[in-house]
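coords27.pdb (PDB, C-alpha atoms and all ligand atoms) appears below.
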ATOM      1  CA  MET A  50    -172.132 112.452  55.521
ATOM      2  CA  THR A  51    -175.822 111.658  55.882
ATOM      3  CA  LEU A  52    -177.040 108.554  57.654
ATOM      4  CA  ASP A  53    -178.680 107.695  54.337
ATOM      5  CA  LYS A  54    -175.263 107.534  52.634
ATOM      6  CA  ILE A  55    -173.934 105.373  55.478
ATOM      7  CA  LYS A  56    -176.936 103.112  55.049
ATOM      8  CA  GLU A  57    -175.976 102.641  51.379
ATOM      9  CA  LEU A  58    -172.262 102.117  52.098
ATOM     10  CA  LEU A  59    -172.958  99.434  54.691
ATOM     11  CA  ASN A  60    -175.860  97.892  52.840
ATOM     12  CA  CYS A  61    -178.170  98.455  55.806
ATOM     13  CA  ARG A  62    -181.780  97.717  56.504
ATOM     14  CA  VAL A  63    -183.606 100.325  58.556
ATOM     15  CA  LEU A  64    -185.555  98.796  61.444
ATOM     16  CA  TYR A  65    -186.540 102.153  62.842
ATOM     17  CA  GLY A  66    -185.950 105.785  61.997
ATOM     18  CA  SER A  67    -186.375 106.266  58.232
ATOM     19  CA  HIS A  68    -187.296 109.865  59.107
ATOM     20  CA  LYS A  69    -183.796 110.341  60.529
ATOM     21  CA  LEU A  70    -181.812 109.422  57.414
ATOM     22  CA  GLN A  71    -180.864 113.044  56.738
ATOM     23  CA  LEU A  72    -178.941 113.127  60.031
ATOM     24  CA  ASP A  73    -175.432 114.524  59.456
ATOM     25  CA  VAL A  74    -172.812 112.109  60.798
ATOM     26  CA  LYS A  75    -169.194 113.261  61.121
ATOM     27  CA  SER A  76    -167.875 110.810  63.693
ATOM     28  CA  ALA A  77    -168.781 107.407  65.054
ATOM     29  CA  LYS A  78    -167.962 105.009  67.854
ATOM     30  CA  ALA A  79    -167.691 101.244  67.671
ATOM     31  CA  SER A  80    -167.861  99.128  70.788
ATOM     32  CA  ASP A  81    -169.351  96.111  72.468
ATOM     33  CA  LEU A  82    -168.819  97.611  75.911
ATOM     34  CA  MET A  83    -171.438  99.878  77.463
ATOM     35  CA  SER A  84    -168.899 101.668  79.670
ATOM     36  CA  ASP A  85    -166.798 102.465  76.589
ATOM     37  CA  VAL A  86    -169.751 104.082  74.900
ATOM     38  CA  LEU A  87    -170.380 106.168  78.012
ATOM     39  CA  ARG A  88    -166.743 106.958  78.577
ATOM     40  CA  PHE A  89    -165.749 108.227  75.177
ATOM     41  CA  SER A  90    -168.952 110.163  74.775
ATOM     42  CA  GLY A  91    -167.644 112.867  72.522
ATOM     43  CA  PRO A  92    -169.550 114.377  69.616
ATOM     44  CA  ALA A  93    -170.292 111.054  67.891
ATOM     45  CA  LYS A  94    -173.921 110.535  66.982
ATOM     46  CA  LEU A  95    -173.517 107.031  65.568
ATOM     47  CA  LEU A  96    -172.663 103.749  67.306
ATOM     48  CA  LEU A  97    -171.647 100.527  65.608
ATOM     49  CA  THR A  98    -172.116  97.524  67.854
ATOM     50  CA  GLY A  99    -172.747  93.812  68.019
ATOM     51  CA  LEU A 100    -174.803  94.110  71.206
ATOM     52  CA  THR A 101    -178.530  94.002  70.695
ATOM     53  CA  ASN A 102    -180.069  93.954  74.170
ATOM     54  CA  ILE A 103    -182.322  96.714  75.447
ATOM     55  CA  GLN A 104    -179.571  98.366  77.518
ATOM     56  CA  VAL A 105    -177.779  99.414  74.320
ATOM     57  CA  ILE A 106    -180.612 101.847  73.656
ATOM     58  CA  ARG A 107    -180.514 103.252  77.192
ATOM     59  CA  THR A 108    -176.737 103.609  76.992
ATOM     60  CA  CYS A 109    -177.058 105.480  73.687
ATOM     61  CA  ASP A 110    -179.835 107.652  75.089
ATOM     62  CA  ILE A 111    -177.599 108.605  78.021
ATOM     63  CA  ALA A 112    -174.549 109.137  75.782
ATOM     64  CA  GLY A 113    -176.461 111.308  73.284
ATOM     65  CA  ILE A 114    -176.174 108.891  70.361
ATOM     66  CA  CYS A 115    -178.998 109.166  67.818
ATOM     67  CA  ALA A 116    -178.332 106.226  65.501
ATOM     68  CA  ILE A 117    -177.156 102.633  65.957
ATOM     69  CA  ILE A 118    -175.925 100.159  63.380
ATOM     70  CA  PHE A 119    -175.999  96.532  64.451
ATOM     71  CA  VAL A 120    -173.186  94.781  62.605
ATOM     72  CA  ARG A 121    -172.871  91.217  61.263
ATOM     73  CA  ASP A 122    -176.608  90.938  60.794
ATOM     74  CA  LYS A 123    -177.443  90.922  64.480
ATOM     75  CA  ILE A 124    -181.170  91.422  64.851
ATOM     76  CA  PRO A 125    -182.179  93.267  68.014
ATOM     77  CA  THR A 126    -184.904  91.956  70.284
ATOM     78  CA  ALA A 127    -188.460  93.316  69.960
ATOM     79  CA  GLU A 128    -187.999  95.141  73.281
ATOM     80  CA  THR A 129    -184.904  96.854  71.934
ATOM     81  CA  ILE A 130    -186.733  98.146  68.859
ATOM     82  CA  GLU A 131    -189.697  99.218  70.985
ATOM     83  CA  LEU A 132    -187.459 101.319  73.221
ATOM     84  CA  SER A 133    -185.566 102.783  70.248
ATOM     85  CA  LYS A 134    -188.894 104.144  68.999
ATOM     86  CA  LYS A 135    -189.633 105.665  72.383
ATOM     87  CA  CYS A 136    -186.190 107.275  72.532
ATOM     88  CA  ASP A 137    -186.282 108.128  68.815
ATOM     89  CA  ILE A 138    -182.939 106.475  68.103
ATOM     90  CA  ALA A 139    -182.524 105.150  64.561
ATOM     91  CA  VAL A 140    -181.774 101.419  64.297
ATOM     92  CA  LEU A 141    -180.083  99.924  61.253
ATOM     93  CA  VAL A 142    -178.689  96.446  60.563
ATOM     94  CA  SER A 143    -175.681  95.737  58.363
ATOM     95  CA  ASN A 144    -174.438  92.374  57.162
ATOM     96  CA  PHE A 145    -170.840  93.598  57.243
ATOM     97  CA  SER A 146    -168.641  92.646  60.198
ATOM     98  CA  MET A 147    -167.545  95.202  62.768
ATOM     99  CA  PHE A 148    -164.093  95.411  61.163
ATOM    100  CA  GLU A 149    -165.437  95.853  57.652
ATOM    101  CA  SER A 150    -168.074  98.378  58.706
ATOM    102  CA  CYS A 151    -165.544 100.542  60.510
ATOM    103  CA  GLY A 152    -163.073 100.299  57.633
ATOM    104  CA  ILE A 153    -165.656 101.321  55.062
ATOM    105  CA  LEU A 154    -166.842 104.311  57.104
ATOM    106  CA  TYR A 155    -163.329 105.418  58.023
ATOM    107  CA  SER A 156    -162.094 105.290  54.455
ATOM    108  CA  ASN A 157    -165.104 107.400  53.486
ATOM    109  CA  GLY A 158    -164.156 110.149  55.900
ATOM    110  CA  ILE A 159    -166.044 109.321  59.111
ATOM    111  CA  LYS A 160    -163.833 110.160  62.056
ATOM    112  CA  GLY A 161    -163.333 108.258  65.275
ATOM    113  CA  VAL A 162    -163.611 109.649  68.765
ATOM    114  CA  THR A 163    -160.238 109.640  70.450
ATOM    115  CA  ILE A 164    -159.803 110.149  74.172
ATOM    116  CA  GLN A 165    -157.715 113.251  73.527
ATOM    117  CA  SER A 166    -160.442 114.903  71.480
ATOM    118  CA  ILE A 167    -162.756 114.968  74.487
ATOM    119  CA  LYS A 168    -162.217 117.790  76.896
ATOM    120  CA  GLN A 169    -162.059 116.366  80.380
TER     121      GLN A 169
ATOM    122  CA  MET B  18    -184.110 128.043  89.680
ATOM    123  CA  HIS B  19    -185.256 130.114  92.660
ATOM    124  CA  LYS B  20    -182.544 130.657  95.258
ATOM    125  CA  LYS B  21    -184.097 128.694  98.102
ATOM    126  CA  THR B  22    -185.705 125.878  96.173
ATOM    127  CA  ALA B  23    -184.295 122.406  96.447
ATOM    128  CA  PHE B  24    -185.573 119.418  94.541
ATOM    129  CA  GLU B  25    -185.425 115.871  95.848
ATOM    130  CA  GLN B  26    -186.633 112.557  94.482
ATOM    131  CA  ILE B  27    -185.952 108.922  95.321
ATOM    132  CA  PHE B  28    -185.923 106.099  92.780
ATOM    133  CA  GLN B  29    -186.051 102.375  93.528
ATOM    134  CA  ILE B  30    -183.557 100.051  91.843
ATOM    135  CA  LYS B  31    -184.276  96.349  91.476
ATOM    136  CA  GLY B  32    -181.315  93.985  91.381
ATOM    137  CA  GLY B  33    -181.146  91.670  88.384
ATOM    138  CA  ASP B  34    -183.769  93.607  86.416
ATOM    139  CA  PHE B  35    -181.932  94.147  83.147
ATOM    140  CA  ILE B  36    -185.102  95.169  81.308
ATOM    141  CA  ASN B  37    -186.055  98.254  83.323
ATOM    142  CA  ALA B  38    -182.540  99.108  84.441
ATOM    143  CA  GLY B  39    -181.573 102.612  83.420
ATOM    144  CA  GLU B  40    -185.048 104.109  83.667
ATOM    145  CA  PRO B  41    -184.303 106.007  86.894
ATOM    146  CA  SER B  42    -181.153 107.480  85.336
ATOM    147  CA  ILE B  43    -183.088 108.609  82.274
ATOM    148  CA  LYS B  44    -185.778 110.138  84.516
ATOM    149  CA  ILE B  45    -183.053 112.006  86.382
ATOM    150  CA  ARG B  46    -181.623 113.248  83.088
ATOM    151  CA  ASN B  47    -185.080 114.487  82.047
ATOM    152  CA  ILE B  48    -185.715 116.203  85.400
ATOM    153  CA  LEU B  49    -182.402 118.069  85.114
ATOM    154  CA  LYS B  50    -183.291 119.095  81.554
ATOM    155  CA  ASP B  51    -186.623 120.480  82.768
ATOM    156  CA  ILE B  52    -184.914 122.413  85.545
ATOM    157  CA  GLY B  53    -182.619 123.921  82.923
ATOM    158  CA  ILE B  54    -179.270 122.593  84.137
ATOM    159  CA  ASP B  55    -176.258 123.064  81.826
ATOM    160  CA  ALA B  56    -176.082 120.323  79.170
ATOM    161  CA  ASP B  57    -172.515 119.288  80.007
ATOM    162  CA  ILE B  58    -173.381 118.813  83.673
ATOM    163  CA  ILE B  59    -176.490 116.832  82.725
ATOM    164  CA  ARG B  60    -174.383 114.543  80.557
ATOM    165  CA  ARG B  61    -171.969 113.914  83.428
ATOM    166  CA  VAL B  62    -174.739 113.311  85.958
ATOM    167  CA  ALA B  63    -176.579 110.964  83.596
ATOM    168  CA  ILE B  64    -173.499 108.859  82.804
ATOM    169  CA  THR B  65    -172.665 108.636  86.495
ATOM    170  CA  ALA B  66    -176.203 107.772  87.541
ATOM    171  CA  TYR B  67    -176.405 105.044  84.919
ATOM    172  CA  GLU B  68    -173.069 103.451  85.895
ATOM    173  CA  ALA B  69    -174.023 103.533  89.578
ATOM    174  CA  GLU B  70    -177.493 102.199  88.864
ATOM    175  CA  MET B  71    -176.118  99.313  86.794
ATOM    176  CA  ASN B  72    -173.807  98.379  89.641
ATOM    177  CA  VAL B  73    -176.822  98.058  91.935
ATOM    178  CA  VAL B  74    -178.643  96.013  89.293
ATOM    179  CA  MET B  75    -175.621  93.718  88.891
ATOM    180  CA  TYR B  76    -174.209  93.484  92.404
ATOM    181  CA  GLY B  77    -176.532  95.335  94.767
ATOM    182  CA  GLN B  78    -179.680  93.156  94.909
ATOM    183  CA  ARG B  79    -181.902  96.128  95.738
ATOM    184  CA  GLY B  80    -181.312  99.757  96.340
ATOM    185  CA  THR B  81    -182.284 103.352  95.905
ATOM    186  CA  MET B  82    -180.950 106.372  94.098
ATOM    187  CA  LYS B  83    -181.742 109.786  95.485
ATOM    188  CA  LEU B  84    -181.415 112.937  93.426
ATOM    189  CA  LEU B  85    -180.948 116.218  95.240
ATOM    190  CA  VAL B  86    -180.743 119.494  93.360
ATOM    191  CA  THR B  87    -179.942 122.800  95.028
ATOM    192  CA  PRO B  88    -178.870 126.067  93.376
ATOM    193  CA  GLU B  89    -175.226 125.177  94.130
ATOM    194  CA  LYS B  90    -175.020 121.474  93.510
ATOM    195  CA  ILE B  91    -176.495 118.226  92.319
ATOM    196  CA  VAL B  92    -176.054 115.218  94.580
ATOM    197  CA  LEU B  93    -176.701 111.551  93.839
ATOM    198  CA  HIS B  94    -177.003 109.165  96.772
ATOM    199  CA  ILE B  95    -176.993 105.534  95.753
ATOM    200  CA  GLN B  96    -177.294 102.795  98.327
ATOM    201  CA  ASP B  97    -177.918  99.109  98.102
ATOM    202  CA  LYS B  98    -178.393  96.057 100.281
ATOM    203  CA  GLY B  99    -176.031  93.887  98.271
ATOM    204  CA  GLN B 100    -172.970  91.860  99.088
ATOM    205  CA  GLY B 101    -170.742  94.901  99.578
ATOM    206  CA  ILE B 102    -167.241  95.451  98.225
ATOM    207  CA  GLU B 103    -164.335  93.675  99.860
ATOM    208  CA  ASP B 104    -161.516  95.866  98.570
ATOM    209  CA  ILE B 105    -162.661  99.293  97.405
ATOM    210  CA  GLU B 106    -159.234 100.302  96.113
ATOM    211  CA  LEU B 107    -159.184  97.223  93.898
ATOM    212  CA  ALA B 108    -162.777  97.806  92.751
ATOM    213  CA  MET B 109    -161.808 101.349  91.691
ATOM    214  CA  LYS B 110    -159.020 100.060  89.406
ATOM    215  CA  PRO B 111    -159.849 100.458  85.705
ATOM    216  CA  GLY B 112    -160.595  97.023  84.281
ATOM    217  CA  PHE B 113    -161.308  95.265  87.560
ATOM    218  CA  THR B 114    -164.594  93.388  87.444
ATOM    219  CA  THR B 115    -166.403  90.466  89.023
ATOM    220  CA  ALA B 116    -169.159  90.543  86.390
ATOM    221  CA  THR B 117    -170.515  87.175  85.302
ATOM    222  CA  GLU B 118    -170.232  85.818  81.771
ATOM    223  CA  GLU B 119    -173.911  86.647  81.270
ATOM    224  CA  MET B 120    -173.369  90.302  82.213
ATOM    225  CA  ARG B 121    -170.339  90.520  79.930
ATOM    226  CA  GLU B 122    -172.383  89.163  77.051
ATOM    227  CA  MET B 123    -174.734  92.102  77.558
ATOM    228  CA  GLY B 124    -171.822  94.532  77.278
ATOM    229  CA  PHE B 125    -171.315  95.155  80.982
ATOM    230  CA  GLY B 126    -168.325  94.225  83.089
ATOM    231  CA  ALA B 127    -165.696  96.430  81.453
ATOM    232  CA  GLY B 128    -164.547  97.344  84.929
ATOM    233  CA  MET B 129    -164.857 101.003  84.004
ATOM    234  CA  GLY B 130    -167.988 101.936  85.964
ATOM    235  CA  LEU B 131    -166.450 103.213  89.182
ATOM    236  CA  PRO B 132    -163.549 104.935  87.354
ATOM    237  CA  ASN B 133    -166.116 106.561  85.017
ATOM    238  CA  ILE B 134    -168.094 107.771  88.018
ATOM    239  CA  LYS B 135    -165.032 109.222  89.688
ATOM    240  CA  LYS B 136    -163.917 110.937  86.494
ATOM    241  CA  ASN B 137    -167.251 112.608  85.868
ATOM    242  CA  ALA B 138    -167.976 113.710  89.439
ATOM    243  CA  ASP B 139    -166.706 116.782  91.258
ATOM    244  CA  ARG B 140    -166.740 114.801  94.491
ATOM    245  CA  PHE B 141    -167.100 111.080  94.932
ATOM    246  CA  ASN B 142    -167.442 109.116  98.133
ATOM    247  CA  ILE B 143    -167.863 105.355  98.455
ATOM    248  CA  ARG B 144    -168.474 103.301 101.575
ATOM    249  CA  SER B 145    -169.151  99.608 101.735
ATOM    250  CA  THR B 146    -169.698  96.939 104.348
ATOM    251  CA  ILE B 147    -169.424  93.269 103.496
ATOM    252  CA  GLY B 148    -172.784  91.559 103.763
ATOM    253  CA  GLN B 149    -174.622  94.836 104.249
ATOM    254  CA  GLY B 150    -174.232  96.923 101.150
ATOM    255  CA  THR B 151    -172.664  99.881  99.450
ATOM    256  CA  LYS B 152    -173.247 103.637  99.571
ATOM    257  CA  LEU B 153    -172.156 106.170  96.991
ATOM    258  CA  ARG B 154    -172.356 109.920  97.331
ATOM    259  CA  ILE B 155    -171.627 111.801  94.145
ATOM    260  CA  THR B 156    -171.590 115.575  93.945
ATOM    261  CA  PHE B 157    -171.592 117.912  90.951
ATOM    262  CA  LYS B 158    -171.098 121.647  91.250
ATOM    263  CA  VAL B 159    -173.639 123.796  89.476
ATOM    264  CA  LYS B 160    -172.093 126.914  88.007
TER     265      LYS B 160
HETATM  266  N1  LIG C   1    -172.848  98.294  94.457
HETATM  267  C1  LIG C   1    -171.910  97.329  94.463
HETATM  268  N2  LIG C   1    -172.021  96.265  95.291
HETATM  269  C2  LIG C   1    -171.091  95.287  95.288
HETATM  270  N3  LIG C   1    -170.006  95.271  94.518
HETATM  271  C3  LIG C   1    -169.836  96.314  93.659
HETATM  272  C4  LIG C   1    -170.777  97.388  93.584
HETATM  273  N4  LIG C   1    -170.323  98.272  92.675
HETATM  274  C5  LIG C   1    -169.167  97.783  92.186
HETATM  275  N5  LIG C   1    -168.869  96.607  92.790
HETATM  276  C6  LIG C   1    -167.658  95.785  92.552
HETATM  277  O1  LIG C   1    -166.667  96.580  91.944
HETATM  278  C7  LIG C   1    -166.313  96.026  90.663
HETATM  279  C8  LIG C   1    -165.978  97.125  89.693
HETATM  280  O2  LIG C   1    -167.123  97.914  89.411
HETATM  281  P1  LIG C   1    -167.173  98.795  88.083
HETATM  282  O3  LIG C   1    -165.966  99.672  88.048
HETATM  283  O4  LIG C   1    -168.494  99.463  87.996
HETATM  284  O5  LIG C   1    -167.000  97.740  86.916
HETATM  285  P2  LIG C   1    -168.005  96.596  86.396
HETATM  286  O6  LIG C   1    -169.390  96.988  86.820
HETATM  287  O7  LIG C   1    -167.821  96.619  84.944
HETATM  288  O8  LIG C   1    -167.549  95.339  87.018
HETATM  289  C9  LIG C   1    -167.510  95.171  90.272
HETATM  290  O9  LIG C   1    -167.160  94.157  89.366
HETATM  291  C10 LIG C   1    -167.929  94.619  91.629
HETATM  292  O10 LIG C   1    -167.107  93.543  92.024
HETATM  293 MG    MG C   2    -170.172  98.863  86.828
END
Do you think you could lay out the structure here as structure tokens?
Amino acid sequence: MTLDKIKELLNCRVLYGSHKLQLDVKSAKASDLMSDVLRFSGPAKLLLTGLTNIQVIRTCDIAGICAIIFVRDKIPTAETIELSKKCDIAVLVSNFSMFESCGILYSNGIKGVTIQSIKQ
Amino acid sequence: MHKKTAFEQIFQIKGGDFINAGEPSIKIRNILKDIGIDADIIRRVAITAYEAEMNVVMYGQRGTMKLLVTPEKIVLHIQDKGQGIEDIELAMKPGFTTATEEMREMGFGAGMGLPNIKKNADRFNIRSTIGQGTKLRITFKVK
């Protein structure tokens, strides 16, 4: 599924990265813990999170994530958006909650990243 | 990489600086990319460097991270002048954390940093002295 389709499903605003909307997303992660994002760094390119500080971008950069959706209308700080531009990581905001966002994506075929699916 | 070449660089880490934290780890990732290291190894080194760096930022007050690359291995040396770790075995336990509420609000303090480091490294060594600081030596084999 394209990031553009996900944007529609979750009623997102794009704060950065409209040039990345054709990105093909097959799996996603959802977490409010940086170590989780780093730990289960499988093939997922998309992160759903409620954290909006600048370290989210660095964590995603390290974990190879190219798009972030901030759930429940959390607006990232200016520094966060600045760094997302530098790292070229798309930033979207959804007014759905974490639970709703995940449910909508999952029921539309986006897979999760399970520990077992990552070769250790 | 040429057989005899070795690359070395030291990065400063400032405790409590949550704005610039992570920059050294990203620089290390980029250096390894330029050298042409295998992508899977780079990913493991970068995750490890970032976890170790964040521990210095959160608990280490000030420190350094040294990157050493030889044809056989990549080594990260992280040392800080922080409070030190009282019980290393306990600190290594998944979920154990002394992170403050403020750090947790930023998404840190899962207590998974040291376990993540150990899991991603080929060799991992930690030494700590109360009141003096902590030293990590993390080695990755290069195929
Ligand atoms: N460099 C360090 N100096 C002092 N204490 C540390 C250091 N690194 C880790 N610790 C201690 O070990 C605990 C566990 O570390 P870690 O596994 O990275 O989890 P977290 O950072 O989420 O707390 C920390 O909460 C802290 O008490
Ligand atoms: Mg940690």
**OP:** Within 9 Å of chain B, which residues of chain A are there when counting all atoms listed in the file? Please give them as a ChimeraX atom specification.
**Re:** /A:80-85,87-88,100-105,107-108,110-113,128,169
Original post:
Counting only C-alpha atoms and all ligand atoms, what residues are within 8 Å of ligand LIG 1 (chain C), given as a PyMOL selection string?
Top reply: (chain A and resi 84) or (chain B and resi 68-69+71-73+75-77+96-97+99-103+105+107-116+125-133+145+150-152)
**OP:** Could you give me, as a ChimeraX atom specification, the residues within 12 Å of range 86-90 of chain B, counting all atoms listed in the file and dropping anything in the same chain fewer than 6 positions from it?
**Re:** /B:18-27,45,48-49,52-55,58-59,62,138-140,155-160
Original post:
Taking (-170.8, 100.4, 53.7) in the file's coordinates, which residues come within 7 Å, counting all atoms listed in the file, written as a list in words?
Top reply: Ile55, Lys56, Glu57, Leu58, Leu59, Asn60, Ser150, Ile153 and Leu154 of chain A
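For the file at hand, the PyMOL selection byres (((chain A and resi 61) around 10) and not hetatm) resolves to Asp53, Ile55, Lys56, Glu57, Leu58, Leu59, Asn60, Arg62, Val63, Leu64, Ile118, Phe119, Val120, Asp122, Val140, Leu141, Val142, Ser143, Asn144 and Phe145 of chain A.
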What would the selection look like, as a short mmCIF file (atom, residue, chain, number, x, y, z; two decimals) with C-alpha atoms, keeping the file's coordinate frame, if the PyMOL selection byres (((chain B and resi 95) around 7) and not hetatm) were run on the coordinates I just shared?
data_model
loop_
_atom_site.label_atom_id
_atom_site.label_comp_id
_atom_site.auth_asym_id
_atom_site.auth_seq_id
_atom_site.Cartn_x
_atom_site.Cartn_y
_atom_site.Cartn_z
CA THR B 81 -182.28 103.35 95.90
CA MET B 82 -180.95 106.37 94.10
CA LYS B 83 -181.74 109.79 95.48
CA LEU B 93 -176.70 111.55 93.84
CA HIS B 94 -177.00 109.16 96.77
CA GLN B 96 -177.29 102.80 98.33
CA ASP B 97 -177.92 99.11 98.10
CA LYS B 152 -173.25 103.64 99.57
CA LEU B 153 -172.16 106.17 96.99
CA ARG B 154 -172.36 109.92 97.33
#
Any chance you could work out the axis-aligned box around range 102-116 of chain B, listed atoms only, 3 Å on each side, giving centre and edge lengths in Å to one decimal, as lines of an AutoDock Vina configuration file?
center_x = -164.1
center_y = 95.9
center_z = 92.1
size_x = 16.1
size_y = 16.9
size_z = 21.6
**OP:** Run the PyMOL selection byres (((chain A and resi 69) around 10) and not hetatm) against the file shown and list the residues it catches, as a list in words.
**Re:** Thr51, Leu52, Asp53, Tyr65, Gly66, Ser67, His68, Leu70, Gln71, Leu72, Asp73, Cys115, Ala116, Asp137, Ile138, Ala139 and Val140 of chain A
**OP:** Could you jot down the CA of Ile117 in chain A to CA of Leu96 in chain A separation for me, Å, one decimal place?
**Re:** 4.8 Å
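Of the residues listed (B:Asp104, B:Gly80, B:Lys135, B:Thr146), B:Gly80 shows the shortest atom-to-atom separation from Gly32 in chain B; distances use only C-alpha atoms.
Counting from CA of Gly33 in chain B, the distance to CA of Val74 in chain B is 5.1 Å.
Computed from the coordinates, the CA of Ala56 in chain B to CA of Glu131 in chain A distance equals 26.4 Å.
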So which residues are close to (-168.1, 116.4, 56.2), meaning at most 9 Å away in the file's coordinates with all atoms listed in the file counted, and can you show them as a short mmCIF file (atom, residue, chain, number, x, y, z; two decimals) with C-alpha atoms, keeping the file's coordinate frame?
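Now in point_24.cif:
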data_model
loop_
_atom_site.label_atom_id
_atom_site.label_comp_id
_atom_site.auth_asym_id
_atom_site.auth_seq_id
_atom_site.Cartn_x
_atom_site.Cartn_y
_atom_site.Cartn_z
CA MET A 50 -172.13 112.45 55.52
CA ASP A 73 -175.43 114.52 59.46
CA VAL A 74 -172.81 112.11 60.80
CA LYS A 75 -169.19 113.26 61.12
CA GLY A 158 -164.16 110.15 55.90
CA ILE A 159 -166.04 109.32 59.11
#
Missing atoms in range 57-63 of chain A should be modelled up to all heavy atoms and reported as a PDB file, in the coordinates of the input.
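Below is the file that was written, out08.pdb:
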ATOM      1  N   GLU A  57    -176.335 103.207  52.680  1.00  0.00           N
ATOM      2  CA  GLU A  57    -175.976 102.641  51.379  1.00  0.00           C
ATOM      3  C   GLU A  57    -174.616 101.956  51.433  1.00  0.00           C
ATOM      4  O   GLU A  57    -174.455 100.833  50.965  1.00  0.00           O
ATOM      5  CB  GLU A  57    -175.913 103.744  50.327  1.00  0.00           C
ATOM      6  CG  GLU A  57    -177.220 103.959  49.611  1.00  0.00           C
ATOM      7  CD  GLU A  57    -177.162 105.193  48.740  1.00  0.00           C
ATOM      8  OE1 GLU A  57    -176.145 105.370  48.034  1.00  0.00           O
ATOM      9  OE2 GLU A  57    -178.121 105.988  48.793  1.00  0.00           O
ATOM     10  N   LEU A  58    -173.628 102.658  52.038  1.00  0.00           N
ATOM     11  CA  LEU A  58    -172.262 102.117  52.098  1.00  0.00           C
ATOM     12  C   LEU A  58    -172.210 100.778  52.818  1.00  0.00           C
ATOM     13  O   LEU A  58    -171.463  99.876  52.450  1.00  0.00           O
ATOM     14  CB  LEU A  58    -171.335 103.114  52.816  1.00  0.00           C
ATOM     15  CG  LEU A  58    -170.925 104.374  52.059  1.00  0.00           C
ATOM     16  CD1 LEU A  58    -170.188 105.323  52.988  1.00  0.00           C
ATOM     17  CD2 LEU A  58    -170.048 104.007  50.857  1.00  0.00           C
ATOM     18  N   LEU A  59    -173.009 100.648  53.874  1.00  0.00           N
ATOM     19  CA  LEU A  59    -172.958  99.434  54.691  1.00  0.00           C
ATOM     20  C   LEU A  59    -174.094  98.466  54.373  1.00  0.00           C
ATOM     21  O   LEU A  59    -174.300  97.471  55.083  1.00  0.00           O
ATOM     22  CB  LEU A  59    -172.966  99.793  56.185  1.00  0.00           C
ATOM     23  CG  LEU A  59    -171.765 100.605  56.687  1.00  0.00           C
ATOM     24  CD1 LEU A  59    -171.839 100.793  58.188  1.00  0.00           C
ATOM     25  CD2 LEU A  59    -170.447  99.944  56.304  1.00  0.00           C
ATOM     26  N   ASN A  60    -174.816  98.803  53.297  1.00  0.00           N
ATOM     27  CA  ASN A  60    -175.860  97.892  52.840  1.00  0.00           C
ATOM     28  C   ASN A  60    -176.854  97.567  53.961  1.00  0.00           C
ATOM     29  O   ASN A  60    -177.149  96.395  54.231  1.00  0.00           O
ATOM     30  CB  ASN A  60    -175.154  96.623  52.322  1.00  0.00           C
ATOM     31  CG  ASN A  60    -176.066  95.750  51.500  1.00  0.00           C
ATOM     32  OD1 ASN A  60    -177.097  96.218  51.032  1.00  0.00           O
ATOM     33  ND2 ASN A  60    -175.696  94.489  51.366  1.00  0.00           N
ATOM     34  N   CYS A  61    -177.346  98.630  54.603  1.00  0.00           N
ATOM     35  CA  CYS A  61    -178.170  98.455  55.806  1.00  0.00           C
ATOM     36  C   CYS A  61    -179.656  98.334  55.511  1.00  0.00           C
ATOM     37  O   CYS A  61    -180.164  98.864  54.532  1.00  0.00           O
ATOM     38  CB  CYS A  61    -178.011  99.649  56.741  1.00  0.00           C
ATOM     39  SG  CYS A  61    -176.421  99.782  57.509  1.00  0.00           S
ATOM     40  N   ARG A  62    -180.315  97.663  56.434  1.00  0.00           N
ATOM     41  CA  ARG A  62    -181.780  97.717  56.504  1.00  0.00           C
ATOM     42  C   ARG A  62    -182.126  98.651  57.655  1.00  0.00           C
ATOM     43  O   ARG A  62    -181.453  98.637  58.684  1.00  0.00           O
ATOM     44  CB  ARG A  62    -182.355  96.337  56.819  1.00  0.00           C
ATOM     45  CG  ARG A  62    -182.380  95.423  55.610  1.00  0.00           C
ATOM     46  CD  ARG A  62    -182.867  94.052  56.005  1.00  0.00           C
ATOM     47  NE  ARG A  62    -181.891  93.389  56.878  1.00  0.00           N
ATOM     48  CZ  ARG A  62    -182.224  92.548  57.847  1.00  0.00           C
ATOM     49  NH1 ARG A  62    -183.488  92.302  58.108  1.00  0.00           N
ATOM     50  NH2 ARG A  62    -181.288  91.972  58.573  1.00  0.00           N
ATOM     51  N   VAL A  63    -183.183  99.420  57.478  1.00  0.00           N
ATOM     52  CA  VAL A  63    -183.606 100.325  58.556  1.00  0.00           C
ATOM     53  C   VAL A  63    -184.742  99.657  59.332  1.00  0.00           C
ATOM     54  O   VAL A  63    -185.782  99.342  58.766  1.00  0.00           O
ATOM     55  CB  VAL A  63    -184.102 101.679  57.988  1.00  0.00           C
ATOM     56  CG1 VAL A  63    -184.503 102.627  59.118  1.00  0.00           C
ATOM     57  CG2 VAL A  63    -183.024 102.315  57.128  1.00  0.00           C
TER      58      VAL A  63
END
